[in-house]
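Source file: work-v8.pdb; contents: PDB, C-alpha atoms.
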```pdb
ATOM      1  CA  MET A   1       0.000   0.000   0.000
ATOM      2  CA  GLU A   2       1.162   3.525  -0.767
ATOM      3  CA  VAL A   3       0.035   6.685   1.051
ATOM      4  CA  TYR A   4       0.809  10.157  -0.265
ATOM      5  CA  ILE A   5      -0.056  12.917   2.190
ATOM      6  CA  GLY A   6       2.727  15.394   1.456
ATOM      7  CA  ASN A   7       2.421  19.182   1.612
ATOM      8  CA  ASN A   8      -0.356  19.279   4.191
ATOM      9  CA  ARG A   9      -0.419  20.621   7.738
ATOM     10  CA  VAL A  10       0.456  17.500   9.722
ATOM     11  CA  SER A  11       2.590  18.920  12.515
ATOM     12  CA  VAL A  12       2.602  16.432  15.401
ATOM     13  CA  LEU A  13       5.051  13.542  15.116
ATOM     14  CA  LYS A  14       2.791  11.196  17.084
ATOM     15  CA  GLU A  15       0.280  11.353  14.211
ATOM     16  CA  VAL A  16       2.492   8.768  12.500
ATOM     17  CA  GLN A  17       1.180   6.189  14.981
ATOM     18  CA  HIS A  18      -2.286   6.434  13.421
ATOM     19  CA  LEU A  19      -0.823   4.796  10.323
ATOM     20  CA  LYS A  20       0.184   1.633  12.205
ATOM     21  CA  GLY A  21      -3.151   0.075  11.321
ATOM     22  CA  LEU A  22      -2.197   0.103   7.641
ATOM     23  CA  GLN A  23      -0.350  -3.187   7.838
ATOM     24  CA  LYS A  24       0.481  -3.305   4.128
ATOM     25  CA  LEU A  25       1.930   0.217   4.059
ATOM     26  CA  ILE A  26       5.320   0.148   2.330
ATOM     27  CA  ILE A  27       5.532   3.618   0.738
ATOM     28  CA  LEU A  28       4.741   6.801   2.652
ATOM     29  CA  ASP A  29       5.178  10.400   1.556
ATOM     30  CA  LEU A  30       4.824  13.044   4.268
ATOM     31  CA  ALA A  31       7.291  15.515   2.703
ATOM     32  CA  GLY A  32       6.331  19.150   3.043
ATOM     33  CA  ASN A  33       4.471  18.704   6.334
ATOM     34  CA  PRO A  34       5.685  20.578   9.445
ATOM     35  CA  LEU A  35       6.316  17.297  11.286
ATOM     36  CA  CYS A  36       9.168  16.573   8.858
ATOM     37  CA  GLU A  37      11.162  19.353  10.574
ATOM     38  CA  THR A  38      10.943  17.526  13.917
ATOM     39  CA  PRO A  39      14.270  16.137  15.144
ATOM     40  CA  ASP A  40      14.437  12.363  14.566
ATOM     41  CA  TYR A  41      11.323  12.454  12.359
ATOM     42  CA  ARG A  42      12.729   9.890   9.984
ATOM     43  CA  HIS A  43      14.005   7.457  12.644
ATOM     44  CA  TYR A  44      10.767   7.743  14.612
ATOM     45  CA  THR A  45       8.645   7.064  11.519
ATOM     46  CA  VAL A  46      10.817   4.144  10.403
ATOM     47  CA  TYR A  47      10.569   2.611  13.875
ATOM     48  CA  GLN A  48       6.806   3.086  14.206
ATOM     49  CA  LEU A  49       6.042   1.816  10.685
ATOM     50  CA  ARG A  50       8.441  -1.101  10.471
ATOM     51  CA  LYS A  51       7.275  -2.455   7.120
ATOM     52  CA  LEU A  52       8.017   0.793   5.269
ATOM     53  CA  LYS A  53      10.385   0.472   2.345
ATOM     54  CA  VAL A  54      10.280   4.091   1.125
ATOM     55  CA  LEU A  55       9.748   7.289   3.148
ATOM     56  CA  ASP A  56       9.429  10.655   1.411
ATOM     57  CA  GLY A  57      10.800   9.237  -1.838
ATOM     58  CA  VAL A  58      13.945   7.824  -0.217
ATOM     59  CA  GLY A  59      14.505   4.106   0.281
ATOM     60  CA  ILE A  60      14.950   2.814   3.817
ATOM     61  CA  GLU A  61      18.169   0.871   4.257
ATOM     62  CA  VAL A  62      18.734  -1.939   6.767
ATOM     63  CA  GLY A  63      21.233   0.245   8.648
ATOM     64  CA  GLU A  64      18.650   2.989   9.032
ATOM     65  CA  GLN A  65      16.133   0.478  10.381
ATOM     66  CA  SER A  66      18.733  -0.731  12.872
ATOM     67  CA  LEU A  67      19.480   2.802  14.068
ATOM     68  CA  ALA A  68      15.774   3.522  14.497
ATOM     69  CA  LYS A  69      15.304   0.328  16.488
ATOM     70  CA  GLU A  70      18.338   1.074  18.651
ATOM     71  CA  LYS A  71      17.027   4.560  19.376
ATOM     72  CA  TYR A  72      13.403   3.695  20.172
ATOM     73  CA  ALA A  73      13.155   0.000  21.105
ATOM     74  CA  GLY A  74      12.923  -0.809  24.792
ATOM     75  CA  LYS A  75      11.667   2.604  25.860
ATOM     76  CA  LEU A  76       8.495   2.670  27.880
ATOM     77  CA  THR A  77       6.665   5.707  26.556
ATOM     78  CA  THR A  78       3.255   7.076  27.459
ATOM     79  CA  GLU A  79       2.088   6.029  23.985
ATOM     80  CA  ALA A  80       3.237   2.453  24.630
ATOM     81  CA  LEU A  81       1.434   2.433  27.980
ATOM     82  CA  VAL A  82      -1.783   3.698  26.401
ATOM     83  CA  GLU A  83      -1.505   1.007  23.744
ATOM     84  CA  ARG A  84      -0.962  -1.674  26.379
ATOM     85  CA  LEU A  85      -3.559  -0.495  28.920
ATOM     86  CA  GLY A  86      -6.148   0.879  26.519
ATOM     87  CA  HIS A  87      -6.402   4.184  28.396
ATOM     88  CA  ASN A  88      -4.353   6.976  29.949
ATOM     89  CA  PHE A  89      -6.112   7.263  33.296
ATOM     90  CA  TRP A  90      -2.987   6.492  35.301
ATOM     91  CA  GLU A  91      -4.747   7.084  38.621
ATOM     92  CA  HIS A  92      -6.850   3.954  37.923
ATOM     93  CA  VAL A  93      -3.781   1.734  37.601
ATOM     94  CA  HIS A  94      -3.111  -0.266  40.773
ATOM     95  CA  GLU A  95      -1.018  -3.073  39.284
ATOM     96  CA  LEU A  96       1.172  -3.020  36.210
ATOM     97  CA  ASP A  97       2.826  -6.112  34.793
ATOM     98  CA  LEU A  98       5.529  -5.338  32.227
ATOM     99  CA  CYS A  99       7.344  -8.689  32.364
ATOM    100  CA  ARG A 100       9.301  -9.779  29.302
ATOM    101  CA  SER A 101       8.690  -6.486  27.495
ATOM    102  CA  LYS A 102      12.350  -5.979  26.519
ATOM    103  CA  LEU A 103      12.350  -2.628  28.314
ATOM    104  CA  ARG A 104      15.557  -0.643  28.769
ATOM    105  CA  GLU A 105      14.075   2.665  29.968
ATOM    106  CA  LEU A 106      11.050   3.438  32.129
ATOM    107  CA  ASP A 107      10.572   7.166  31.583
ATOM    108  CA  ALA A 108       6.776   6.971  31.210
ATOM    109  CA  LEU A 109       6.411   5.718  34.776
ATOM    110  CA  HIS A 110       7.522   9.137  35.969
ATOM    111  CA  ALA A 111       4.450  10.755  34.436
ATOM    112  CA  PRO A 112       2.169  12.426  36.972
ATOM    113  CA  GLY A 113      -0.861  10.393  37.904
ATOM    114  CA  PHE A 114       0.502   7.002  38.972
ATOM    115  CA  VAL A 115      -0.557   7.830  42.523
ATOM    116  CA  ASN A 116      -2.380   4.530  43.103
ATOM    117  CA  LEU A 117       0.212   2.185  41.620
ATOM    118  CA  ARG A 118       0.901  -0.433  44.286
ATOM    119  CA  GLU A 119       2.550  -3.247  42.337
ATOM    120  CA  LEU A 120       4.953  -2.972  39.423
ATOM    121  CA  THR A 121       6.371  -6.159  37.920
ATOM    122  CA  LEU A 122       9.401  -5.765  35.654
ATOM    123  CA  ASP A 123      10.868  -9.283  35.617
ATOM    124  CA  SER A 124      12.937 -10.409  32.626
ATOM    125  CA  ASN A 125      13.551  -7.064  30.934
ATOM    126  CA  LEU A 126      16.749  -5.308  29.843
ATOM    127  CA  ILE A 127      16.805  -2.597  32.520
ATOM    128  CA  PRO A 128      20.416  -1.576  33.243
ATOM    129  CA  GLU A 129      19.734   0.536  36.346
ATOM    130  CA  VAL A 130      17.002   1.779  38.650
ATOM    131  CA  LYS A 131      16.985   5.539  38.899
ATOM    132  CA  ARG A 132      14.651   8.207  40.180
ATOM    133  CA  ALA A 133      12.583   5.743  42.157
ATOM    134  CA  ARG A 134       9.779   7.399  44.104
ATOM    135  CA  THR A 135       7.316   6.200  46.695
TER
END
```
Once more with this new file: its structure as structure tokens, please.
Amino acid sequence: MEVYIGNNRVSVLKEVQHLKGLQKLIILDLAGNPLCETPDYRHYTVYQLRKLKVLDGVGIEVGEQSLAKEKYAGKLTTEALVERLGHNFWEHVHELDLCRSKLRELDALHAPGFVNLRELTLDSNLIPEVKRART
């Protein structure tokens, strides 16, 4: 599948995630949109849409895919949490099981609102250190 949406007003990088449902998407043209000026736009898009072969008229090489994966894989983001939980009402989360998720970073857990989190299970991940732990 090919999608051409260049020269529009798409400005938020996270909009790329809405294209994940297009599982046969291999060619995407977003050139000319404000989001293309965002730092790491290309790596972020390549990581989010892993089956892409061409982005903005330029082929995606294996090395570029590897760099994108290295940069974004293993990071627990608020978007990833929403995808996993189905909502972003953090105050309703009492238990969170993230076992075997290949996580390296847990930045999203520092978002305000996890006031009722009582149990966090992170077994069998790739976490190198525990930092900024709060009670």
Item to complete: Have a look at A:Asn7, A:Lys14, A:Leu55, A:Lys69 and name the one nearest to A:Asp29; count all atoms listed in the file.
Response: A:Leu55
Dig up all the protein and nucleic acid residues within 12 Å of (-5.0, -2.5, 32.8) in the file frame, using all atoms listed in the file, and format them as an mmCIF file with C-alpha atoms, in the frame of the given file.
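Generated file (selection11.cif):
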```
data_model
loop_
_atom_site.group_PDB
_atom_site.id
_atom_site.type_symbol
_atom_site.label_atom_id
_atom_site.label_comp_id
_atom_site.auth_asym_id
_atom_site.auth_seq_id
_atom_site.Cartn_x
_atom_site.Cartn_y
_atom_site.Cartn_z
ATOM 1 C CA LEU A 81 1.434 2.433 27.980
ATOM 2 C CA VAL A 82 -1.783 3.698 26.401
ATOM 3 C CA GLU A 83 -1.505 1.007 23.744
ATOM 4 C CA ARG A 84 -0.962 -1.674 26.379
ATOM 5 C CA LEU A 85 -3.559 -0.495 28.920
ATOM 6 C CA GLY A 86 -6.148 0.879 26.519
ATOM 7 C CA HIS A 87 -6.402 4.184 28.396
ATOM 8 C CA ASN A 88 -4.353 6.976 29.949
ATOM 9 C CA PHE A 89 -6.112 7.263 33.296
ATOM 10 C CA TRP A 90 -2.987 6.492 35.301
ATOM 11 C CA GLU A 91 -4.747 7.084 38.621
ATOM 12 C CA HIS A 92 -6.850 3.954 37.923
ATOM 13 C CA VAL A 93 -3.781 1.734 37.601
ATOM 14 C CA HIS A 94 -3.111 -0.266 40.773
ATOM 15 C CA GLU A 95 -1.018 -3.073 39.284
ATOM 16 C CA LEU A 96 1.172 -3.020 36.210
ATOM 17 C CA ASP A 97 2.826 -6.112 34.793
ATOM 18 C CA LEU A 98 5.529 -5.338 32.227
ATOM 19 C CA LEU A 117 0.212 2.185 41.620
ATOM 20 C CA LEU A 120 4.953 -2.972 39.423
#
```
Discussion item. Take the PyMOL selection byres ((chain A and resi 122) around 6), run it mentally on this structure, and tell me the resulting residues as a PyMOL selection string.
Written reply: chain A and resi 98-99+121+123
Discussion item. Please list, as a PyMOL selection string, the residues that have an atom at most 12 Å away from (18.0, 2.8, 7.4) in the coordinates of this file, counting all atoms listed in the file.
Written reply: chain A and resi 42-47+50-55+58-70
Mind dumping the selected residues with C-alpha atoms as a PDB file, keeping the file's coordinate frame?
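As a result, out27.pdb now contains:
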```pdb
ATOM      1  CA  ARG A  42      12.729   9.890   9.984  1.00  0.00           C
ATOM      2  CA  HIS A  43      14.005   7.457  12.644  1.00  0.00           C
ATOM      3  CA  TYR A  44      10.767   7.743  14.612  1.00  0.00           C
ATOM      4  CA  THR A  45       8.645   7.064  11.519  1.00  0.00           C
ATOM      5  CA  VAL A  46      10.817   4.144  10.403  1.00  0.00           C
ATOM      6  CA  TYR A  47      10.569   2.611  13.875  1.00  0.00           C
ATOM      7  CA  ARG A  50       8.441  -1.101  10.471  1.00  0.00           C
ATOM      8  CA  LYS A  51       7.275  -2.455   7.120  1.00  0.00           C
ATOM      9  CA  LEU A  52       8.017   0.793   5.269  1.00  0.00           C
ATOM     10  CA  LYS A  53      10.385   0.472   2.345  1.00  0.00           C
ATOM     11  CA  VAL A  54      10.280   4.091   1.125  1.00  0.00           C
ATOM     12  CA  LEU A  55       9.748   7.289   3.148  1.00  0.00           C
ATOM     13  CA  VAL A  58      13.945   7.824  -0.217  1.00  0.00           C
ATOM     14  CA  GLY A  59      14.505   4.106   0.281  1.00  0.00           C
ATOM     15  CA  ILE A  60      14.950   2.814   3.817  1.00  0.00           C
ATOM     16  CA  GLU A  61      18.169   0.871   4.257  1.00  0.00           C
ATOM     17  CA  VAL A  62      18.734  -1.939   6.767  1.00  0.00           C
ATOM     18  CA  GLY A  63      21.233   0.245   8.648  1.00  0.00           C
ATOM     19  CA  GLU A  64      18.650   2.989   9.032  1.00  0.00           C
ATOM     20  CA  GLN A  65      16.133   0.478  10.381  1.00  0.00           C
ATOM     21  CA  SER A  66      18.733  -0.731  12.872  1.00  0.00           C
ATOM     22  CA  LEU A  67      19.480   2.802  14.068  1.00  0.00           C
ATOM     23  CA  ALA A  68      15.774   3.522  14.497  1.00  0.00           C
ATOM     24  CA  LYS A  69      15.304   0.328  16.488  1.00  0.00           C
ATOM     25  CA  GLU A  70      18.338   1.074  18.651  1.00  0.00           C
TER      26      GLU A  70
END
```
Item to complete: Counting all atoms listed in the file, figure out which residue out of A:Asn8, A:Lys20, A:Leu126, A:Leu49 gets nearest to A:Gly32.
Response: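 With all atoms listed in the file as the atom set, the closest residue is A:Asn8.
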